[in-house]
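Pasting data.txt here (compact mmCIF, C-alpha atoms and all ligand atoms):
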```txt
# COMPACT_ATOMS: atom_id res chain seq x y z
CA MET A 1099 0.00 0.00 0.00
CA LYS A 1100 1.53 3.31 -1.10
CA ILE A 1101 0.48 6.31 0.98
CA SER A 1102 0.87 9.68 -0.73
CA GLY A 1103 -0.45 13.22 -0.33
CA ARG A 1104 -3.48 12.21 -2.39
CA THR A 1105 -4.44 9.10 -0.39
CA LYS A 1106 -8.02 9.31 0.92
CA VAL A 1107 -8.60 8.28 4.52
CA CYS A 1108 -11.56 6.33 5.88
CA ALA A 1109 -11.78 5.47 9.58
CA LEU A 1110 -13.65 3.55 12.20
CA ILE A 1111 -14.58 5.35 15.43
CA GLY A 1112 -15.83 3.54 18.54
CA ASP A 1113 -14.77 2.35 21.96
CA PRO A 1114 -13.41 -0.31 22.12
CA VAL A 1115 -12.18 -0.83 18.53
CA GLU A 1116 -8.81 -2.57 18.90
CA HIS A 1117 -10.07 -5.99 17.75
CA SER A 1118 -12.16 -4.74 14.85
CA LEU A 1119 -11.93 -6.67 11.57
CA SER A 1120 -12.99 -3.63 9.54
CA PRO A 1121 -9.44 -2.38 8.73
CA ILE A 1122 -8.53 -5.83 7.42
CA ILE A 1123 -11.71 -6.08 5.32
CA GLN A 1124 -11.65 -2.51 3.93
CA ASN A 1125 -7.91 -2.30 3.21
CA ALA A 1126 -8.07 -5.65 1.38
CA ALA A 1127 -10.85 -4.21 -0.78
CA PHE A 1128 -8.98 -0.95 -1.52
CA ARG A 1129 -5.83 -2.89 -2.41
CA SER A 1130 -7.56 -5.39 -4.65
CA LEU A 1131 -9.12 -2.59 -6.76
CA ASP A 1132 -5.97 -0.44 -6.60
CA LEU A 1133 -7.91 2.45 -5.02
CA ASP A 1134 -5.85 5.18 -3.35
CA TYR A 1135 -7.62 4.86 0.01
CA VAL A 1136 -6.52 3.73 3.45
CA TYR A 1137 -8.69 2.66 6.42
CA VAL A 1138 -7.60 3.35 9.99
CA VAL A 1139 -9.11 3.00 13.45
CA PHE A 1140 -9.57 5.64 16.17
CA ASN A 1141 -10.60 4.83 19.71
CA VAL A 1142 -12.92 7.72 20.54
CA LYS A 1143 -14.33 8.07 24.07
CA SER A 1144 -17.94 9.26 24.40
CA GLY A 1145 -16.87 12.63 25.81
CA ASP A 1146 -14.67 13.26 22.74
CA LEU A 1147 -17.22 12.40 20.06
CA ARG A 1148 -18.13 15.96 19.09
CA GLU A 1149 -14.49 17.00 18.64
CA ALA A 1150 -13.77 13.79 16.72
CA VAL A 1151 -16.58 14.54 14.26
CA TYR A 1152 -15.40 18.15 13.81
CA GLY A 1153 -11.98 16.64 13.16
CA VAL A 1154 -13.40 14.59 10.30
CA LYS A 1155 -14.31 17.82 8.52
CA ALA A 1156 -11.13 19.64 9.47
CA LEU A 1157 -8.89 16.78 8.31
CA GLY A 1158 -10.92 15.97 5.20
CA ILE A 1159 -11.43 12.35 6.25
CA CYS A 1160 -13.55 10.93 3.46
CA GLY A 1161 -15.69 8.41 5.31
CA LEU A 1162 -16.37 6.85 8.68
CA ASN A 1163 -17.66 3.64 10.14
CA VAL A 1164 -19.26 4.19 13.51
CA THR A 1165 -19.59 1.53 16.16
CA MET A 1166 -20.63 1.26 19.81
CA PRO A 1167 -21.21 3.47 21.74
CA HIS A 1168 -21.59 6.21 19.10
CA LYS A 1169 -24.16 4.87 16.63
CA THR A 1170 -26.97 7.09 17.93
CA ALA A 1171 -24.92 9.74 19.76
CA ILE A 1172 -23.26 10.88 16.51
CA ILE A 1173 -26.54 11.95 14.89
CA PRO A 1174 -26.70 15.56 16.25
CA TYR A 1175 -23.23 16.26 14.81
CA LEU A 1176 -24.10 15.19 11.24
CA ASP A 1177 -25.48 17.48 8.51
CA GLU A 1178 -27.85 15.00 6.93
CA LEU A 1179 -29.22 11.47 7.38
CA ASP A 1180 -30.30 9.08 4.67
CA GLU A 1181 -33.81 7.65 4.97
CA THR A 1182 -32.85 4.38 6.68
CA ALA A 1183 -30.63 6.08 9.25
CA ARG A 1184 -33.44 8.52 10.00
CA LYS A 1185 -35.98 5.72 10.40
CA THR A 1186 -33.80 3.56 12.64
CA GLY A 1187 -32.12 6.38 14.56
CA SER A 1188 -28.77 4.65 14.05
CA VAL A 1189 -25.68 5.48 11.96
CA ASN A 1190 -22.81 3.11 11.16
CA THR A 1191 -21.46 4.88 8.07
CA VAL A 1192 -20.70 8.54 7.33
CA LEU A 1193 -19.82 10.05 3.96
CA ASN A 1194 -17.94 13.35 3.93
CA ASN A 1195 -19.45 14.94 0.83
CA ASN A 1196 -17.36 18.09 0.29
CA GLY A 1197 -17.62 19.02 3.96
CA ARG A 1198 -21.23 17.86 4.47
CA LEU A 1199 -21.42 14.79 6.69
CA ILE A 1200 -24.17 12.37 5.65
CA GLY A 1201 -25.11 9.46 7.96
CA TYR A 1202 -26.22 6.03 6.75
CA THR A 1203 -26.84 2.66 8.34
CA THR A 1204 -25.77 -0.43 6.42
CA ASP A 1205 -26.51 -3.05 9.14
CA GLY A 1206 -29.96 -3.82 7.75
CA VAL A 1207 -28.85 -4.15 4.14
CA GLY A 1208 -25.81 -6.14 5.35
CA ALA A 1209 -28.11 -8.68 7.02
CA LEU A 1210 -30.41 -8.79 4.00
CA ASN A 1211 -27.49 -9.36 1.62
CA ALA A 1212 -25.96 -12.02 3.91
CA LEU A 1213 -29.27 -13.93 3.70
CA LYS A 1214 -29.50 -13.45 -0.08
CA HIS A 1215 -25.86 -14.51 -0.52
CA ALA A 1216 -26.80 -17.78 1.23
CA GLY A 1217 -29.72 -18.22 -1.18
CA VAL A 1218 -32.36 -17.15 1.35
CA ASP A 1219 -35.02 -14.65 0.26
CA PRO A 1220 -36.80 -13.24 3.33
CA SER A 1221 -39.74 -11.96 1.26
CA GLY A 1222 -43.02 -13.38 2.54
CA LYS A 1223 -41.27 -15.35 5.31
CA ARG A 1224 -42.11 -15.58 9.03
CA ILE A 1225 -39.05 -14.27 10.83
CA VAL A 1226 -38.27 -14.59 14.53
CA ILE A 1227 -35.54 -12.24 15.76
CA LEU A 1228 -33.98 -12.46 19.22
CA GLY A 1229 -32.74 -9.21 20.77
CA ALA A 1230 -33.84 -5.58 20.62
CA GLY A 1231 -30.48 -3.81 20.83
CA GLY A 1232 -28.73 -1.73 18.17
CA ALA A 1233 -28.20 -4.56 15.67
CA SER A 1234 -31.72 -5.93 16.00
CA ARG A 1235 -33.12 -2.43 15.52
CA SER A 1236 -31.46 -1.90 12.11
CA ILE A 1237 -32.21 -5.41 10.91
CA SER A 1238 -35.80 -5.43 12.18
CA PHE A 1239 -36.64 -2.20 10.34
CA THR A 1240 -35.24 -3.63 7.10
CA LEU A 1241 -36.73 -7.11 7.39
CA ALA A 1242 -40.16 -5.87 8.51
CA GLU A 1243 -40.54 -4.50 4.97
CA HIS A 1244 -39.96 -7.96 3.47
CA ALA A 1245 -41.30 -10.51 5.97
CA SER A 1246 -44.90 -11.75 6.11
CA GLU A 1247 -44.48 -11.44 9.88
CA LEU A 1248 -41.65 -10.39 12.19
CA VAL A 1249 -41.66 -11.50 15.83
CA ILE A 1250 -39.19 -9.75 18.15
CA LEU A 1251 -38.30 -11.59 21.37
CA ASN A 1252 -36.15 -9.87 23.95
CA ARG A 1253 -35.05 -10.56 27.52
CA THR A 1254 -36.15 -7.05 28.48
CA PHE A 1255 -39.67 -7.05 27.05
CA SER A 1256 -40.11 -3.25 27.17
CA LYS A 1257 -37.29 -2.85 24.60
CA ALA A 1258 -38.89 -5.35 22.21
CA LYS A 1259 -42.21 -3.54 22.54
CA ALA A 1260 -40.62 -0.13 21.97
CA LEU A 1261 -38.93 -1.45 18.83
CA LYS A 1262 -42.18 -2.98 17.56
CA ASP A 1263 -44.01 0.32 18.18
CA ALA A 1264 -41.28 2.30 16.38
CA ILE A 1265 -41.46 0.01 13.33
CA ARG A 1266 -45.29 0.19 13.26
CA LYS A 1267 -45.17 3.98 13.54
CA THR A 1268 -42.73 4.28 10.64
CA LEU A 1269 -43.96 1.57 8.31
CA GLY A 1270 -47.66 1.67 9.22
CA GLU A 1271 -50.12 -1.18 8.78
CA ARG A 1272 -48.06 -3.00 6.15
CA ALA A 1273 -45.57 -4.00 8.90
CA LYS A 1274 -46.75 -7.18 10.59
CA VAL A 1275 -44.69 -7.05 13.77
CA ARG A 1276 -45.19 -8.54 17.22
CA ALA A 1277 -43.11 -8.34 20.40
CA LEU A 1278 -42.77 -10.93 23.16
CA PRO A 1279 -40.56 -11.64 26.16
CA LEU A 1280 -37.72 -14.06 25.38
CA SER A 1281 -38.76 -17.30 27.14
CA ASP A 1282 -38.68 -21.02 26.38
CA GLU A 1283 -42.44 -21.06 26.11
CA ASN A 1284 -42.53 -18.25 23.53
CA LEU A 1285 -39.63 -19.76 21.58
CA SER A 1286 -41.39 -23.11 21.45
CA VAL A 1287 -44.61 -21.55 20.06
CA GLU A 1288 -43.02 -19.02 17.69
CA LEU A 1289 -40.40 -21.33 16.20
CA ALA A 1290 -42.93 -24.07 15.45
CA ASP A 1291 -43.93 -22.39 12.18
CA ALA A 1292 -41.16 -19.83 11.60
CA ASP A 1293 -39.05 -19.82 8.41
CA ILE A 1294 -36.05 -17.81 9.66
CA LEU A 1295 -34.54 -17.44 13.16
CA ILE A 1296 -32.08 -14.59 13.73
CA ASN A 1297 -29.97 -14.27 16.86
CA ALA A 1298 -29.27 -10.56 17.38
CA THR A 1299 -28.37 -10.97 21.06
CA SER A 1300 -24.80 -11.32 22.24
CA VAL A 1301 -25.54 -14.79 23.70
CA GLY A 1302 -22.96 -17.32 22.47
CA MET A 1303 -20.26 -14.71 21.86
CA LYS A 1304 -16.72 -15.37 23.10
CA PRO A 1305 -15.84 -15.95 25.92
CA ASN A 1306 -19.33 -17.46 26.50
CA GLU A 1307 -19.28 -19.74 23.47
CA ASN A 1308 -20.94 -22.59 25.39
CA GLU A 1309 -24.14 -20.57 25.68
CA THR A 1310 -27.00 -20.60 23.22
CA PRO A 1311 -30.11 -18.40 23.12
CA VAL A 1312 -32.32 -21.31 21.89
CA LYS A 1313 -32.45 -24.91 23.15
CA GLN A 1314 -31.86 -27.39 20.34
CA ILE A 1315 -35.30 -29.00 20.83
CA TYR A 1316 -36.95 -25.83 19.49
CA LEU A 1317 -34.95 -25.87 16.24
CA ARG A 1318 -36.15 -27.62 13.05
CA GLY A 1319 -34.31 -28.93 10.01
CA ASP A 1320 -36.33 -26.70 7.66
CA LEU A 1321 -35.50 -23.49 9.56
CA VAL A 1322 -32.89 -21.00 8.37
CA VAL A 1323 -30.76 -19.99 11.38
CA PHE A 1324 -28.79 -16.76 11.14
CA ASP A 1325 -26.49 -15.80 14.02
CA LEU A 1326 -25.05 -12.27 14.10
CA VAL A 1327 -22.33 -13.36 16.50
CA TYR A 1328 -19.15 -14.00 14.48
CA GLU A 1329 -16.65 -14.87 17.21
CA PRO A 1330 -16.72 -17.83 17.31
CA LEU A 1331 -17.55 -18.19 13.63
CA GLU A 1332 -19.59 -21.31 14.32
CA THR A 1333 -21.60 -20.57 17.45
CA ARG A 1334 -23.24 -23.28 19.51
CA LEU A 1335 -26.59 -22.18 18.01
CA LEU A 1336 -25.30 -22.64 14.45
CA ARG A 1337 -23.57 -25.93 15.29
CA GLU A 1338 -26.73 -27.39 16.81
CA ALA A 1339 -28.90 -26.08 13.95
CA LYS A 1340 -26.52 -27.52 11.34
CA SER A 1341 -26.48 -30.90 13.08
CA ILE A 1342 -30.23 -31.30 12.52
CA GLY A 1343 -29.98 -30.23 8.87
CA ALA A 1344 -30.96 -26.55 9.16
CA LYS A 1345 -29.44 -24.00 6.79
CA VAL A 1346 -27.15 -21.64 8.67
CA VAL A 1347 -25.82 -18.14 7.98
CA ASP A 1348 -22.96 -16.78 10.09
CA GLY A 1349 -22.31 -13.29 11.43
CA LEU A 1350 -19.13 -12.84 9.42
CA SER A 1351 -21.17 -12.77 6.24
CA MET A 1352 -23.22 -9.89 7.65
CA LEU A 1353 -20.10 -8.07 8.83
CA VAL A 1354 -18.62 -8.28 5.33
CA HIS A 1355 -21.85 -7.29 3.56
CA GLN A 1356 -22.43 -4.26 5.78
CA GLY A 1357 -18.79 -3.29 5.20
CA ALA A 1358 -19.27 -3.76 1.45
CA ALA A 1359 -22.24 -1.36 1.53
CA SER A 1360 -20.11 1.23 3.41
CA PHE A 1361 -17.30 0.80 0.87
CA GLU A 1362 -19.73 1.51 -1.97
CA ILE A 1363 -21.03 4.67 -0.24
CA TRP A 1364 -17.48 6.06 0.13
CA THR A 1365 -16.02 5.05 -3.22
CA GLY A 1366 -18.99 4.71 -5.57
CA VAL A 1367 -17.34 1.48 -6.74
CA LYS A 1368 -18.83 -2.02 -6.48
CA ALA A 1369 -17.27 -3.76 -3.48
CA PRO A 1370 -15.17 -6.91 -4.03
CA VAL A 1371 -17.21 -8.97 -1.54
CA ASN A 1372 -15.26 -12.19 -2.10
CA VAL A 1373 -11.93 -10.46 -1.40
CA MET A 1374 -13.36 -8.92 1.77
CA MET A 1375 -14.77 -12.28 2.93
CA LYS A 1376 -11.47 -14.07 2.33
CA ALA A 1377 -9.51 -11.43 4.29
CA ALA A 1378 -11.94 -11.58 7.23
CA LEU A 1379 -12.01 -15.38 7.28
CA GLU A 1380 -8.21 -15.58 7.37
CA VAL A 1381 -8.07 -13.39 10.48
CA ILE A 1382 -10.92 -15.18 12.28
CA GLN A 1383 -9.42 -18.60 11.55
CA ARG A 1384 -6.01 -17.40 12.76
CA ARG A 1385 -7.62 -16.03 15.95
CA GLU A 1386 -9.58 -19.25 16.50
CA GLY A 1387 -6.43 -21.23 15.98
CA GLY A 1388 -4.92 -19.13 18.77
CA VAL A 1389 -2.20 -17.73 16.46
N1 LIG B 1 -22.22 -9.63 12.27
C1 LIG B 1 -22.32 -8.32 12.33
O1 LIG B 1 -22.03 -7.60 11.38
C2 LIG B 1 -22.81 -7.68 13.59
C3 LIG B 1 -23.19 -6.33 13.59
C4 LIG B 1 -23.68 -5.79 14.79
C5 LIG B 1 -23.73 -6.57 15.94
N2 LIG B 1 -23.34 -7.88 15.88
C6 LIG B 1 -23.43 -8.74 17.07
O2 LIG B 1 -24.81 -8.75 17.48
C7 LIG B 1 -24.88 -8.87 18.90
C8 LIG B 1 -25.77 -7.75 19.45
O3 LIG B 1 -25.14 -6.49 19.19
P1 LIG B 1 -25.86 -5.09 19.53
O4 LIG B 1 -25.02 -4.04 18.95
O5 LIG B 1 -27.30 -5.12 19.19
O6 LIG B 1 -25.71 -5.07 21.13
P2 LIG B 1 -26.64 -4.35 22.20
O7 LIG B 1 -27.27 -3.13 21.63
O8 LIG B 1 -25.82 -4.27 23.44
O9 LIG B 1 -27.85 -5.41 22.46
C9 LIG B 1 -27.59 -6.66 23.07
C10 LIG B 1 -28.84 -7.53 22.97
O10 LIG B 1 -28.52 -8.83 23.51
C11 LIG B 1 -29.43 -9.14 24.56
N3 LIG B 1 -28.74 -9.95 25.58
C12 LIG B 1 -27.51 -9.73 26.11
N4 LIG B 1 -27.21 -10.69 27.00
C13 LIG B 1 -28.28 -11.53 27.03
C14 LIG B 1 -28.58 -12.71 27.75
N5 LIG B 1 -27.70 -13.24 28.63
N6 LIG B 1 -29.76 -13.32 27.52
C15 LIG B 1 -30.65 -12.81 26.63
N7 LIG B 1 -30.43 -11.69 25.91
C16 LIG B 1 -29.26 -11.06 26.12
C17 LIG B 1 -29.88 -7.80 25.10
O11 LIG B 1 -31.09 -7.97 25.79
P3 LIG B 1 -31.58 -6.87 26.89
O12 LIG B 1 -32.23 -5.77 26.09
O13 LIG B 1 -32.52 -7.60 27.74
O14 LIG B 1 -30.34 -6.41 27.61
C18 LIG B 1 -30.03 -7.01 23.78
O15 LIG B 1 -31.23 -7.33 23.13
C19 LIG B 1 -23.43 -8.81 19.40
O16 LIG B 1 -22.99 -10.14 19.60
C20 LIG B 1 -22.67 -8.19 18.25
O17 LIG B 1 -21.32 -8.61 18.21
C21 LIG B 1 -22.87 -8.44 14.75
```
Show this structure as structure tokens.
Ligand SMILES: NC(=O)c1ccc[n+]([C@@H]2O[C@H](COP(=O)([O-])OP(=O)(O)OC[C@H]3O[C@@H](n4cnc5c(N)ncnc54)[C@H](OP(=O)(O)O)[C@@H]3O)[C@@H](O)[C@H]2O)c1
Amino acid sequence: MKISGRTKVCALIGDPVEHSLSPIIQNAAFRSLDLDYVYVVFNVKSGDLREAVYGVKALGICGLNVTMPHKTAIIPYLDELDETARKTGSVNTVLNNNGRLIGYTTDGVGALNALKHAGVDPSGKRIVILGAGGASRSISFTLAEHASELVILNRTFSKAKALKDAIRKTLGERAKVRALPLSDENLSVELADADILINATSVGMKPNENETPVKQIYLRGDLVVFDLVYEPLETRLLREAKSIGAKVVDGLSMLVHQGAASFEIWTGVKAPVNVMMKAALEVIQRREGGV
């Protein structure tokens, strides 16, 4: 990678960010298309967010990815939001358009494209999503437009209900959305005739990889099981779903597809998804191998 006075800079801001795969994925994409861009990471504390965003303008940084805890907090400092970011109240990508900062969210489209990449079309499907945090919010808004019904189950019921109400308010009657507390009883009933199960909780994530949000008895071989957790790459949920013949989609695919959508916003060039996937997989496999 040759850095010159003309090299454009994209960056991730969040806290913590040290273990992010985004620099690996994005720099592999820039390199493979010979684009004069570089992607770096800044650990930005909540109290420094405003100054960091002003710095983006002052330094002419061309694009940002935004992660926890800034996805909502950054909104007042941006000049414009695209429609999806406005609807979901969440931003994970910023384009610096000649000094105007425009916020986008690519989590929803990343999840949608990860499903499509695996040959799964969510249109007209019954979808059960676990979790009502930031990731579930973006994905639920996107999938509610495609699904025949979306059921949101969350440990803290009030958050699931608030998300359901927000989706209904934005999308109106065409959104068939329900909210329930996350319990064995509700899982048993809701998964009996669901087409797609999505885990958007952090259950099963390292170092708690022995945990699963759904007991295996509630899974079925004709269910598609999509886990947003990508470390470990094969979560207990995915392993148990696969062992009974269910189709599985892992969180790395979503990570790469949401990164690909960010790449396209910054560069206007089609993202080399396969290159990005290969780069991410290499790092995850090295980490899982303990190297
Ligand atoms: N693959 C990707 O590209 C991608 C992108 C974004 C996020 N993710 C992953 O998605 C997961 C959620 O991220 P987020 O940003 O939405 O986090 P978040 O806003 O902190 O939300 C966490 C969610 O997990 C639930 N939860 C946590 N511990 C739980 C437990 N022990 N039992 C049941 N539910 C539990 C929370 O329920 P309460 O509301 O009850 O606390 C909440 O719904 C993380 O593992 C993250 O790494 C992946």
TODO: Could you please extract the residues within 9 Å of ligand LIG 1 (chain B), counting only C-alpha atoms and all ligand atoms, and hand them back as a PyMOL selection string?
DONE: chain A and resi 1165-1167+1205+1208-1209+1228-1236+1251-1258+1280+1297-1304+1309-1311+1325-1329+1348-1357
Open item on the list: List as a list in words the protein and nucleic acid residues near Lys1340 (chain A), meaning an atom at most 9 Å away when only C-alpha atoms are counted, but skip any in the same chain fewer than 5 places from it.
Closed with: Gly1319, Val1323, Leu1335, Lys1345 and Val1346 of chain A
Box centre and edge lengths (Å, one decimal), axis-aligned, region 1151-1159 of chain A plus 4 Å each side, as lines of an AutoDock Vina configuration file:
```
center_x = -12.7
center_y = 16.0
center_z = 9.7
size_x = 15.7
size_y = 15.3
size_z = 17.1
```
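The shortest atom-to-atom distance to Val1371 (chain A), with all atoms listed in the file taken into account, belongs to A:Ala1127 out of A:Val1151, A:Ala1127, A:Val1207, A:Leu1157.
Between Lys1214 (chain A) and the candidates A:Val1287, A:Phe1324, A:Ser1130, A:Ile1250, the tightest atom-to-atom separation, counting only C-alpha atoms, involves A:Phe1324.
We find CA of Val1136 (chain A) and CA of Ala1358 (chain A) to be spaced 14.9 Å apart.
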Between region 1289-1377 of chain A and region 1172-1192 of chain A, at 9 Å or less, what are the per-residue closest atom pairs and their distances in Å? Count all atoms listed in the file, order by chain and rising residue number, and return it as a Markdown table.
```
| residue | atom | partner | partner_atom | distance |
| --- | --- | --- | --- | --- |
| A:Ser1360 | CA | A:Thr1191 | CA | 6.1 |
| A:Ile1363 | CA | A:Thr1191 | CA | 8.3 |
| A:Trp1364 | CA | A:Val1192 | CA | 8.3 |
```
TODO: Identify the residues around (-11.1, 1.7, -7.0) within a radius of 9 Å, measuring from all atoms listed in the file in the coordinates stated by the file, and give them as number ranges by chain.
DONE: A: 1127-1135, 1365-1369
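Minimum atom-to-atom distances from A:Leu1210, A:Ile1159, A:Ala1273, A:Val1139 to Val1107 (chain A) were compared using all atoms listed in the file, and the lowest value belongs to A:Ile1159.
Taking all atoms listed in the file into account, Ile1382 (chain A) lies nearest to A:Leu1331 out of the set A:Ala1212, A:Leu1331, A:Ile1122, A:Val1218.
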Task: Nearest candidate to Leu1289 (chain A) (options A:Ile1225, A:Lys1267, A:Ala1339, A:Leu1261; using all atoms listed in the file) - done: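 Checking each candidate against Leu1289 (chain A), we get A:Ile1225 as the closest.
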Open item on the list: Could you check the closest approach to Gln1314 (chain A) for each of A:Leu1162, A:Val1373, A:Ala1292, A:Ile1342 and tell me which residue wins, using all atoms listed in the file?
Closed with: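 Looking at the shortest contact to Gln1314 (chain A), the residue is A:Ile1342.
Interatomic distance, CA of Pro1370 (chain A) to CA of Asp1113 (chain A): 27.6 Å.
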Could you extract region 1161-1174 of chain A of the given structure into a file holding N, CA, C and O atoms, as a compact mmCIF listing (two decimals), in the first residue's frame?
```txt
# COMPACT_ATOMS: atom_id res chain seq x y z
N GLY A 1161 -14.55 9.21 4.86
CA GLY A 1161 -15.69 8.41 5.31
C GLY A 1161 -15.42 7.79 6.66
O GLY A 1161 -14.26 7.60 7.05
N LEU A 1162 -16.51 7.49 7.37
CA LEU A 1162 -16.37 6.85 8.68
C LEU A 1162 -17.23 5.60 8.76
O LEU A 1162 -18.29 5.54 8.15
N ASN A 1163 -16.77 4.63 9.54
CA ASN A 1163 -17.66 3.64 10.14
C ASN A 1163 -17.79 4.04 11.59
O ASN A 1163 -16.84 4.55 12.19
N VAL A 1164 -18.97 3.79 12.13
CA VAL A 1164 -19.26 4.19 13.51
C VAL A 1164 -19.75 2.96 14.25
O VAL A 1164 -20.65 2.27 13.77
N THR A 1165 -19.12 2.67 15.39
CA THR A 1165 -19.59 1.53 16.16
C THR A 1165 -19.90 1.95 17.58
O THR A 1165 -19.86 3.15 17.92
N MET A 1166 -20.23 0.97 18.43
CA MET A 1166 -20.63 1.26 19.81
C MET A 1166 -19.53 2.06 20.50
O MET A 1166 -18.38 1.77 20.29
N PRO A 1167 -19.87 3.06 21.31
CA PRO A 1167 -21.21 3.47 21.74
C PRO A 1167 -21.74 4.69 20.99
O PRO A 1167 -22.58 5.41 21.55
N HIS A 1168 -21.30 4.91 19.74
CA HIS A 1168 -21.59 6.21 19.10
C HIS A 1168 -22.68 6.17 18.03
O HIS A 1168 -22.95 7.20 17.40
N LYS A 1169 -23.28 5.00 17.80
CA LYS A 1169 -24.16 4.87 16.63
C LYS A 1169 -25.36 5.82 16.64
O LYS A 1169 -25.82 6.24 15.59
N THR A 1170 -25.86 6.14 17.83
CA THR A 1170 -26.97 7.09 17.93
C THR A 1170 -26.44 8.46 18.34
O THR A 1170 -26.90 9.49 17.82
N ALA A 1171 -25.44 8.47 19.22
CA ALA A 1171 -24.92 9.74 19.76
C ALA A 1171 -24.33 10.64 18.68
O ALA A 1171 -24.30 11.86 18.84
N ILE A 1172 -23.90 10.06 17.55
CA ILE A 1172 -23.26 10.88 16.51
C ILE A 1172 -24.27 11.72 15.72
O ILE A 1172 -23.91 12.74 15.12
N ILE A 1173 -25.54 11.33 15.78
CA ILE A 1173 -26.54 11.95 14.89
C ILE A 1173 -26.60 13.48 14.98
O ILE A 1173 -26.60 14.16 13.95
N PRO A 1174 -26.61 14.08 16.19
CA PRO A 1174 -26.70 15.56 16.25
C PRO A 1174 -25.52 16.27 15.58
O PRO A 1174 -25.64 17.46 15.25
```
